[in-house]
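Data file: upload_10.csv. Format and content: CSV, C-alpha atoms.
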chain,number,residue,atom,x,y,z
A,17,MET,CA,-0.8,-16.1,-3.3
A,18,GLY,CA,0.4,-18.9,-1.2
A,19,ARG,CA,-0.6,-21.0,1.8
A,20,ASP,CA,-4.3,-21.2,2.7
A,21,GLN,CA,-6.5,-20.6,-0.3
A,22,SER,CA,-9.8,-20.6,1.6
A,23,TRP,CA,-11.0,-17.0,1.9
A,24,THR,CA,-12.7,-15.5,4.9
A,25,VAL,CA,-15.4,-12.9,4.1
A,26,TRP,CA,-15.6,-10.4,6.9
A,27,VAL,CA,-18.6,-8.0,6.8
A,28,ASP,CA,-17.6,-5.2,9.2
A,29,ALA,CA,-20.5,-2.8,8.8
A,30,SER,CA,-21.3,-2.2,12.5
A,31,PRO,CA,-20.9,1.3,13.9
A,32,GLY,CA,-17.6,2.1,15.4
A,33,PRO,CA,-15.0,4.8,15.8
A,34,PRO,CA,-13.2,5.5,12.6
A,35,TRP,CA,-9.8,5.1,14.1
A,36,GLU,CA,-10.7,1.6,15.2
A,37,LYS,CA,-12.0,0.8,11.7
A,38,VAL,CA,-8.8,2.0,10.1
A,39,ALA,CA,-6.6,0.3,12.7
A,40,ARG,CA,-8.2,-3.0,11.8
A,41,GLU,CA,-6.5,-2.8,8.5
A,42,GLU,CA,-3.1,-2.8,10.1
A,43,ALA,CA,-4.1,-5.6,12.4
A,44,LEU,CA,-5.4,-7.6,9.5
A,45,LEU,CA,-2.2,-7.2,7.6
A,46,GLY,CA,-0.2,-8.2,10.6
A,47,ALA,CA,-2.3,-11.3,11.2
A,48,VAL,CA,-2.2,-12.5,7.6
A,49,ALA,CA,1.6,-11.8,7.4
A,50,ALA,CA,2.1,-13.8,10.6
A,51,GLY,CA,0.1,-16.7,9.2
A,52,ARG,CA,-2.6,-16.4,11.9
A,53,LEU,CA,-5.2,-15.8,9.1
A,54,GLY,CA,-5.6,-17.0,5.6
A,55,PRO,CA,-6.8,-14.6,2.9
A,56,VAL,CA,-9.6,-12.2,3.9
A,57,LEU,CA,-12.1,-10.1,2.0
A,58,ARG,CA,-13.2,-7.4,4.4
A,59,LEU,CA,-16.1,-5.1,3.5
A,60,TRP,CA,-16.3,-2.3,6.0
A,61,THR,CA,-17.9,1.0,6.7
A,62,SER,CA,-16.5,3.8,8.8
A,63,GLY,CA,-17.4,7.3,10.2
A,64,PRO,CA,-16.4,10.7,8.9
A,65,SER,CA,-12.7,10.9,8.7
A,66,LEU,CA,-9.8,11.7,6.4
A,67,VAL,CA,-7.4,8.8,5.9
A,68,LEU,CA,-3.9,9.4,4.7
A,69,GLY,CA,-1.4,6.9,3.2
A,70,ARG,CA,1.4,5.9,5.6
A,71,LEU,CA,4.1,7.9,3.8
A,72,GLU,CA,1.9,10.8,3.0
A,73,ALA,CA,1.3,11.2,6.7
A,74,ARG,CA,5.0,10.8,7.3
A,75,ARG,CA,5.8,13.5,4.7
A,76,LEU,CA,3.4,16.0,6.3
A,77,GLU,CA,4.7,15.2,9.8
A,78,GLN,CA,8.2,15.8,8.6
A,79,ALA,CA,7.1,19.1,7.2
A,80,GLY,CA,5.9,20.1,10.7
A,81,TYR,CA,2.2,19.5,10.5
A,82,ALA,CA,0.5,18.0,13.6
A,83,LEU,CA,-2.1,15.7,11.9
A,84,ALA,CA,-4.0,15.0,15.1
A,85,GLN,CA,-4.7,18.7,15.4
A,86,MET,CA,-5.9,19.3,11.9
A,87,GLY,CA,-9.6,19.3,11.2
A,88,PRO,CA,-12.4,19.5,10.8
A,89,LEU,CA,-12.4,15.7,10.2
A,90,PRO,CA,-10.3,13.3,12.3
A,91,VAL,CA,-7.1,12.6,10.3
A,92,LEU,CA,-6.1,8.9,10.3
A,93,VAL,CA,-3.4,6.8,8.7
A,94,ARG,CA,-3.8,3.7,6.8
A,95,PRO,CA,-1.0,1.1,6.2
A,96,SER,CA,-1.0,1.6,2.4
A,97,GLY,CA,0.1,4.4,0.1
A,98,GLY,CA,-1.4,7.4,-1.6
A,99,THR,CA,-2.8,10.7,-0.4
A,100,ALA,CA,-5.9,11.8,1.6
A,101,VAL,CA,-9.1,9.9,1.1
A,102,PRO,CA,-12.4,10.9,2.8
A,103,HIS,CA,-14.4,8.2,4.6
A,104,GLY,CA,-17.9,8.5,5.7
A,105,PRO,CA,-21.3,6.8,6.1
A,106,ASP,CA,-21.9,6.9,2.4
A,107,ASP,CA,-18.7,5.0,1.6
A,108,LEU,CA,-18.0,1.3,1.5
A,109,SER,CA,-14.4,0.1,1.8
A,110,VAL,CA,-13.3,-3.2,0.3
A,111,THR,CA,-10.1,-4.9,1.4
A,112,LEU,CA,-8.3,-8.0,0.1
A,113,CYS,CA,-5.5,-9.2,2.3
A,114,TYR,CA,-3.8,-12.4,1.4
A,115,PRO,CA,-0.5,-14.3,2.1
A,116,CYS,CA,2.3,-13.6,-0.3
A,117,ASP,CA,5.5,-15.5,0.0
A,118,GLN,CA,7.5,-13.1,-2.3
A,119,VAL,CA,7.4,-9.5,-1.5
A,120,PRO,CA,7.9,-7.0,-3.1
A,121,ALA,CA,5.4,-8.3,-5.6
A,122,ALA,CA,4.3,-6.3,-8.6
A,123,PRO,CA,1.5,-4.1,-7.2
A,124,GLU,CA,-0.5,-4.4,-10.4
A,125,MET,CA,-1.4,-8.0,-9.5
A,126,GLY,CA,-3.1,-7.0,-6.3
A,127,TYR,CA,-4.9,-4.1,-7.9
A,128,ARG,CA,-6.2,-6.3,-10.8
A,129,ARG,CA,-7.5,-8.9,-8.3
A,130,LEU,CA,-9.4,-6.2,-6.3
A,131,LEU,CA,-10.7,-4.4,-9.4
A,132,ALA,CA,-12.0,-7.6,-11.0
A,133,GLY,CA,-14.4,-8.1,-8.2
A,134,LEU,CA,-15.5,-4.4,-8.1
A,135,VAL,CA,-16.0,-4.2,-11.8
A,136,ARG,CA,-18.1,-7.4,-11.8
A,137,ALA,CA,-20.2,-6.2,-8.9
A,138,LEU,CA,-21.0,-2.8,-10.4
A,139,GLU,CA,-21.9,-4.4,-13.7
A,140,GLN,CA,-24.2,-7.0,-12.2
A,141,ALA,CA,-25.8,-4.9,-9.5
A,142,LEU,CA,-26.0,-1.5,-11.2
A,143,GLY,CA,-25.4,-2.1,-14.9
A,144,LEU,CA,-22.4,0.2,-14.7
A,145,GLN,CA,-19.3,-0.4,-16.9
A,146,ALA,CA,-16.3,0.4,-14.8
A,147,GLY,CA,-12.6,-0.1,-15.2
A,148,PRO,CA,-9.2,1.1,-14.0
A,149,GLY,CA,-7.9,4.5,-15.0
A,150,TRP,CA,-6.6,7.9,-14.0
A,151,ALA,CA,-9.0,10.7,-13.1
A,152,PRO,CA,-6.9,13.9,-13.2
A,153,GLY,CA,-8.3,16.4,-10.7
A,154,SER,CA,-9.7,13.8,-8.4
A,155,PHE,CA,-8.3,13.1,-4.9
A,156,CYS,CA,-5.6,10.4,-4.4
A,157,ASP,CA,-5.4,9.9,-8.1
A,158,GLY,CA,-3.7,6.8,-9.6
A,159,ARG,CA,-3.9,4.5,-12.6
A,160,PHE,CA,-5.7,1.9,-10.6
A,161,ASN,CA,-8.7,4.1,-9.7
A,162,LEU,CA,-12.0,2.5,-10.4
A,163,VAL,CA,-13.6,4.8,-13.0
A,164,VAL,CA,-16.9,5.0,-14.8
A,165,GLY,CA,-17.1,7.2,-17.8
A,166,GLY,CA,-13.8,8.9,-16.8
A,167,ARG,CA,-15.1,9.7,-13.3
A,168,LYS,CA,-13.5,8.2,-10.3
A,169,VAL,CA,-15.9,6.1,-8.1
A,170,ALA,CA,-13.2,4.4,-6.0
A,171,GLY,CA,-9.5,4.8,-5.2
A,172,THR,CA,-7.2,2.0,-4.5
A,173,ALA,CA,-4.0,1.6,-2.5
A,174,GLN,CA,-1.8,-1.2,-1.3
A,175,ALA,CA,0.6,-2.3,1.5
A,176,GLN,CA,3.1,-5.1,1.2
A,177,ARG,CA,4.6,-6.6,4.3
A,178,ARG,CA,6.8,-9.7,4.7
A,179,GLY,CA,4.4,-12.5,4.1
A,180,ALA,CA,1.3,-10.6,3.0
A,181,VAL,CA,-0.3,-8.1,0.7
A,182,LEU,CA,-3.2,-5.8,1.6
A,183,VAL,CA,-5.0,-4.0,-1.2
A,184,HIS,CA,-8.1,-1.9,-0.6
A,185,ALA,CA,-10.5,0.5,-2.1
A,186,THR,CA,-13.0,3.0,-0.8
A,187,VAL,CA,-16.1,3.2,-3.0
A,188,MET,CA,-18.2,6.3,-3.1
A,189,VAL,CA,-21.7,4.8,-2.8
A,190,GLY,CA,-24.1,7.5,-1.7
A,191,GLY,CA,-24.0,11.3,-1.6
A,192,GLU,CA,-22.0,13.4,-4.1
A,193,GLY,CA,-18.5,12.9,-5.3
A,194,ARG,CA,-17.8,16.6,-5.3
A,195,SER,CA,-18.5,16.9,-1.5
A,196,ARG,CA,-15.7,14.5,-0.9
A,197,LEU,CA,-13.4,16.3,-3.2
A,198,ARG,CA,-14.1,19.5,-1.3
A,199,GLN,CA,-13.2,17.8,2.0
A,200,VAL,CA,-9.9,16.8,0.6
A,201,ALA,CA,-9.3,20.2,-1.0
A,202,ALA,CA,-10.0,21.9,2.4
A,203,PHE,CA,-7.5,19.6,4.1
A,204,TYR,CA,-4.7,20.3,1.6
A,205,ARG,CA,-5.3,24.0,1.7
A,206,GLN,CA,-4.2,23.8,5.3
A,207,VAL,CA,-0.8,22.5,4.2
A,208,GLY,CA,-0.5,24.9,1.3
A,209,ALA,CA,-1.5,22.6,-1.5
A,210,HIS,CA,-4.2,23.8,-3.9
A,211,GLY,CA,-4.9,21.2,-6.4
A,212,PRO,CA,-5.7,21.4,-9.3
A,213,TRP,CA,-9.1,19.8,-8.4
A,214,ASP,CA,-11.8,18.9,-10.9
A,215,GLU,CA,-15.2,18.2,-9.4
A,216,GLY,CA,-16.3,16.7,-12.7
A,217,ARG,CA,-13.9,13.8,-12.3
A,218,VAL,CA,-15.4,12.3,-9.2
A,219,ALA,CA,-18.9,10.7,-8.7
A,220,SER,CA,-20.7,8.5,-6.4
A,221,LEU,CA,-22.5,5.3,-7.5
A,222,SER,CA,-25.8,7.0,-6.6
A,223,GLU,CA,-25.1,9.8,-9.0
A,224,LEU,CA,-24.1,7.5,-11.8
A,225,ALA,CA,-27.0,5.1,-11.2
A,226,GLY,CA,-29.5,7.9,-10.9
A,227,ARG,CA,-31.0,6.6,-7.6
A,228,ALA,CA,-30.1,6.7,-3.9
A,229,LEU,CA,-27.8,3.9,-2.8
A,230,SER,CA,-26.3,3.0,0.5
A,231,PRO,CA,-23.2,0.9,1.3
A,232,GLN,CA,-25.5,-1.8,2.5
A,233,ASP,CA,-26.9,-2.1,-1.0
A,234,LEU,CA,-23.5,-3.0,-2.3
A,235,ILE,CA,-22.3,-5.6,0.2
A,236,GLU,CA,-24.1,-8.7,-1.1
A,237,PRO,CA,-23.3,-7.9,-4.8
A,238,LEU,CA,-19.7,-7.5,-3.9
A,239,VAL,CA,-19.5,-10.7,-1.9
A,240,ASP,CA,-21.2,-12.6,-4.8
A,241,ALA,CA,-18.9,-11.0,-7.3
A,242,PHE,CA,-15.7,-11.9,-5.4
A,243,LEU,CA,-16.9,-15.5,-4.7
A,244,ALA,CA,-17.8,-16.0,-8.3
A,245,GLY,CA,-14.3,-14.9,-9.3
A,246,TRP,CA,-12.7,-17.3,-6.9
A,247,GLY,CA,-14.6,-20.2,-8.2
A,248,SER,CA,-14.3,-23.3,-6.1
A,249,ALA,CA,-11.7,-21.9,-3.7
A,250,GLY,CA,-14.5,-21.5,-1.1
A,251,ALA,CA,-15.0,-19.0,1.6
A,252,SER,CA,-16.3,-18.7,5.2
A,253,ARG,CA,-18.1,-15.7,6.4
A,254,THR,CA,-18.0,-13.6,9.6
A,255,HIS,CA,-20.0,-10.5,10.5
A,256,ASP,CA,-19.0,-7.4,12.5
A,257,GLU,CA,-16.2,-8.8,14.6
B,24,MET,CA,17.9,-9.1,-14.4
B,25,ASN,CA,21.1,-7.5,-13.3
B,26,VAL,CA,22.8,-9.3,-10.4
B,27,PRO,CA,26.4,-8.0,-9.8
B,28,GLU,CA,28.9,-10.7,-8.8
B,29,ASP,CA,30.6,-8.6,-6.2
B,30,LEU,CA,27.6,-8.1,-3.9
B,31,LYS,CA,25.8,-10.2,-1.4
B,32,TYR,CA,22.0,-10.6,-1.3
B,33,THR,CA,19.0,-11.7,0.7
B,34,VAL,CA,15.9,-13.6,-0.2
B,35,GLU,CA,14.0,-10.4,0.4
B,36,HIS,CA,15.8,-8.8,-2.4
B,37,GLU,CA,18.3,-6.5,-0.7
B,38,TRP,CA,21.8,-6.2,-1.8
B,39,ILE,CA,24.8,-5.7,0.5
B,40,ARG,CA,28.2,-4.3,-0.4
B,41,LEU,CA,30.7,-5.3,2.4
B,42,GLU,CA,33.7,-3.1,3.1
B,43,GLY,CA,35.4,-3.9,6.4
B,44,ASN,CA,32.9,-3.6,9.2
B,45,ARG,CA,30.5,-1.5,7.1
B,46,ALA,CA,27.7,-2.6,4.8
B,47,THR,CA,26.1,-0.5,2.1
B,48,ILE,CA,22.5,-1.7,1.5
B,49,GLY,CA,20.0,-1.2,-1.3
B,50,ILE,CA,17.3,-3.1,-3.1
B,51,THR,CA,18.0,-5.3,-6.1
B,52,ASP,CA,17.1,-4.7,-9.7
B,53,TYR,CA,14.4,-7.4,-9.4
B,54,ALA,CA,12.9,-5.6,-6.4
B,55,GLN,CA,12.8,-2.2,-8.1
B,56,ASP,CA,11.3,-3.8,-11.2
B,57,GLN,CA,8.6,-5.4,-9.2
B,58,LEU,CA,7.8,-2.2,-7.3
B,59,GLY,CA,7.5,0.0,-10.3
B,60,ASP,CA,8.1,3.7,-10.2
B,61,VAL,CA,9.2,4.7,-6.7
B,62,VAL,CA,7.8,8.0,-5.5
B,63,PHE,CA,8.9,8.2,-1.9
B,64,VAL,CA,11.5,6.6,0.3
B,65,ASP,CA,11.4,6.9,4.0
B,66,LEU,CA,14.9,6.6,5.3
B,67,PRO,CA,16.2,5.5,8.7
B,68,ALA,CA,17.8,8.1,10.9
B,69,VAL,CA,21.6,8.2,11.2
B,70,GLY,CA,22.5,6.7,14.5
B,71,GLN,CA,19.5,4.4,14.5
B,72,GLU,CA,20.2,0.8,15.6
B,73,VAL,CA,18.6,-1.9,13.5
B,74,GLN,CA,18.4,-5.6,13.9
B,75,ALA,CA,18.7,-8.1,11.1
B,76,GLY,CA,15.2,-8.8,9.7
B,77,GLY,CA,13.8,-5.6,11.2
B,78,ASN,CA,12.6,-2.5,9.3
B,79,LEU,CA,15.2,-0.4,7.7
B,80,ALA,CA,13.3,1.8,5.2
B,81,VAL,CA,9.9,2.1,3.5
B,82,VAL,CA,9.3,2.7,-0.2
B,83,GLU,CA,6.1,3.8,-2.0
B,84,SER,CA,5.3,3.1,-5.6
B,85,VAL,CA,2.0,3.0,-7.4
B,86,LYS,CA,0.3,3.9,-4.1
B,87,SER,CA,1.8,0.7,-2.7
B,88,VAL,CA,3.9,0.8,0.5
B,89,SER,CA,6.6,-1.8,1.0
B,90,ASP,CA,9.0,-2.3,3.9
B,91,VAL,CA,12.7,-2.8,3.2
B,92,TYR,CA,14.3,-5.0,5.8
B,93,ALA,CA,17.7,-4.8,7.4
B,94,PRO,CA,19.8,-7.7,6.2
B,95,LEU,CA,22.3,-7.3,9.0
B,96,SER,CA,22.3,-5.8,12.5
B,97,GLY,CA,24.1,-2.6,13.0
B,98,ARG,CA,24.0,1.1,13.5
B,99,VAL,CA,23.0,3.4,10.6
B,100,VAL,CA,26.0,5.6,9.8
B,101,ALA,CA,24.9,7.1,6.5
B,102,VAL,CA,21.7,7.4,4.5
B,103,ASN,CA,21.3,8.4,0.9
B,104,GLU,CA,19.8,11.9,1.1
B,105,LEU,CA,19.5,11.9,-2.7
B,106,LEU,CA,16.5,9.6,-2.4
B,107,LYS,CA,14.5,12.2,-0.6
B,108,ASP,CA,14.4,14.5,-3.6
B,109,ALA,CA,15.0,11.9,-6.3
B,110,PRO,CA,13.4,8.6,-5.2
B,111,GLU,CA,13.3,7.5,-8.9
B,112,THR,CA,17.1,7.0,-8.5
B,113,LEU,CA,16.2,3.7,-6.8
B,114,ASN,CA,14.7,2.5,-10.1
B,115,GLN,CA,17.4,4.1,-12.3
B,116,ASP,CA,20.5,2.9,-10.6
B,117,PRO,CA,19.6,0.4,-7.8
B,118,TYR,CA,23.2,-0.8,-7.3
B,119,GLY,CA,24.8,2.6,-7.5
B,120,GLN,CA,23.3,6.0,-6.7
B,121,GLY,CA,20.2,4.2,-5.5
B,122,TRP,CA,21.8,2.8,-2.3
B,123,ILE,CA,19.7,3.3,0.8
B,124,ALA,CA,21.9,3.2,3.9
B,125,VAL,CA,25.3,2.2,5.3
B,126,LEU,CA,25.4,0.2,8.5
B,127,GLU,CA,28.3,-0.3,10.9
B,128,LEU,CA,27.8,-3.9,11.8
B,129,THR,CA,27.3,-5.1,15.3
B,130,GLN,CA,27.0,-8.8,14.5
B,131,PRO,CA,29.6,-9.3,11.7
B,132,ASP,CA,29.0,-13.1,11.8
B,133,GLU,CA,25.6,-12.5,10.3
B,134,VAL,CA,27.2,-12.0,6.9
B,135,GLN,CA,27.6,-15.8,6.7
B,136,GLY,CA,23.9,-16.0,6.2
B,137,LEU,CA,23.9,-13.8,3.1
B,138,LEU,CA,23.5,-15.2,-0.5
B,139,ASP,CA,26.2,-14.8,-3.1
B,140,ALA,CA,25.1,-13.8,-6.7
B,141,ALA,CA,24.7,-17.4,-7.9
B,142,ALA,CA,22.5,-18.3,-5.0
B,143,TYR,CA,20.4,-15.2,-5.4
B,144,ILE,CA,19.9,-15.9,-9.1
B,145,GLN,CA,18.8,-19.4,-8.1
B,146,HIS,CA,16.4,-17.9,-5.7
B,147,LEU,CA,15.0,-15.6,-8.4
B,148,SER,CA,14.5,-18.5,-10.7
B,149,GLY,CA,12.0,-19.8,-8.1
B,150,ALA,CA,10.3,-16.5,-7.5
Could I get this structure in the form of structure tokens?
Amino acid sequence: MGRDQSWTVWVDASPGPPWEKVAREEALLGAVAAGRLGPVLRLWTSGPSLVLGRLEARRLEQAGYALAQMGPLPVLVRPSGGTAVPHGPDDLSVTLCYPCDQVPAAPEMGYRRLLAGLVRALEQALGLQAGPGWAPGSFCDGRFNLVVGGRKVAGTAQAQRRGAVLVHATVMVGGEGRSRLRQVAAFYRQVGAHGPWDEGRVASLSELAGRALSPQDLIEPLVDAFLAGWGSAGASRTHDE
Amino acid sequence: MNVPEDLKYTVEHEWIRLEGNRATIGITDYAQDQLGDVVFVDLPAVGQEVQAGGNLAVVESVKSVSDVYAPLSGRVVAVNELLKDAPETLNQDPYGQGWIAVLELTQPDEVQGLLDAAAYIQHLSGA
């Protein structure tokens, strides 16, 4: 990371249209890449939607699918990679966006930085032992998933732009993991893809902790965990801008 | 890190093979190594006009999407269709079969701003 080392913590948990919430990721990446912002931790919620990676959307559009007309959830596009990920009121998304003078940079570095805070928060707040790993049969699978006992609780993806890296995760906090998997499976059936899916490889934090949790329950533990990891680098904080 | 002597380079890790008024463009061995296993390459359209420093292509690896920038201004006259079906070629042979596009240059003087192999190696040493 280069330039400004002072992080801004942006808690963006107010209601808002999903397209706007997702579009803020692109705007954030552009602002950091242009040097208008230093590094930012964004914690954000969104409404029901299905969010595709930039090139997954491109691939489907090239295959002739009109994403805007597919349902039942609104289909949105994020600036990062990977396949479809459901968002909803039981999910909390976590974004790190920071200046980077040398791109392409090894993606692993960004993922490690993001996962470190998530792992620390889950351990301290919920006593869950999480780590990176594949979860075959889950949606948007990858080796930098956040998994607990082999079950995916969050997926991660990344975008690198001249001057900045954005890496984000969507954490399944409330509800059931399998309901999200079914949403993704239903979407891909429309484009002729049929898995394989494995409902046993996804779980929400509520399911794993054995009690009802909401995204709000995780915001402070996550802020604390990231700030602790950054040590004396310092941070300022904004809400719902 | 492989840096062929006969190519030109940019600080953003593209390589350029100049042949008359045409430039074949790809990403360097360093770039492909940083990206990891490439799974998708979004190529420009033949006929598309690009400006130096603007977007030329997009690559995805490890669920990470990275832009590839045009090192020179020009019109795209060929793209490497092989990368659509075999994007891993970009990792396996970055300076050969992993080329991305050929430009017909519209601002040939821009080549003066490119790095030679020695300068690129020096740049890498500070990366």
Interatomic distance, CA of Gly193 (chain A) to CA of Leu44 (chain A) (Å, one decimal) | 28.5 Å
Using only C-alpha atoms, pick whichever of B:Gly149, B:Pro94, B:Gly119, B:Gly70 has the shortest atom-to-atom distance to Tyr32 (chain B).
-> B:Pro94
Which residues come within 12 Å of region 95-103 of chain B, counting all atoms listed in the file, excluding same-chain residues fewer than 3 positions away, as a PyMOL selection string?
-> chain B and resi 31-33+37-41+44-49+64-80+92+106-110+112-113+117+119-137
Work out how far apart CA of Gly158 (chain A) and CA of Val48 (chain A) are and give it in Å to one decimal.
-> 25.9 Å
Atomic separation - CA of Val81 (chain B) relative to CA of Thr51 (chain B), Å | 14.6 Å
Taking all atoms listed in the file into account, report as a list in words which residues of chain A lie within 6 Å of chain B.
-> Ser96, Gly97, Gly98, Ala121, Ala122, Ala173, Gln174, Ala175 and Gln176 of chain A
Would you please work out which residue, of A:Ser195, A:Ser230, A:Ser109, A:Asn161, is nearest to Ser62 (chain A) when using only C-alpha atoms?
->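 Among A:Ser195, A:Ser230, A:Ser109, A:Asn161, it is A:Ser109 that comes nearest to Ser62 (chain A).
Using all atoms listed in the file for every distance, the candidate list A:Trp35, A:Leu89, A:Gly46, A:Ala73 yields A:Leu89 as the residue closest to Phe203 (chain A).
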Long-range neighbours of Pro231 (chain A) as JSON, numbers by chain, 7 Å cut-off, all atoms listed in the file, 3 positions minimum in chain | {"A": [106, 107, 108, 189, 234, 235]}
Find the residues around Gly63 (chain A) up to 10 Å (all atoms listed in the file counted), leave out those fewer than 4 positions away in its own chain, and share them as a PyMOL selection string.
-> chain A and resi 31-35+37+89-90+102-107
Let's have the selection written as a tab-separated table (two decimals), in the frame of the given file, with C-alpha atoms.
chain	number	residue	atom	x	y	z
A	31	PRO	CA	-20.90	1.30	13.90
A	32	GLY	CA	-17.60	2.10	15.40
A	33	PRO	CA	-15.00	4.80	15.80
A	34	PRO	CA	-13.20	5.50	12.60
A	35	TRP	CA	-9.80	5.10	14.10
A	37	LYS	CA	-12.00	0.80	11.70
A	89	LEU	CA	-12.40	15.70	10.20
A	90	PRO	CA	-10.30	13.30	12.30
A	102	PRO	CA	-12.40	10.90	2.80
A	103	HIS	CA	-14.40	8.20	4.60
A	104	GLY	CA	-17.90	8.50	5.70
A	105	PRO	CA	-21.30	6.80	6.10
A	106	ASP	CA	-21.90	6.90	2.40
A	107	ASP	CA	-18.70	5.00	1.60
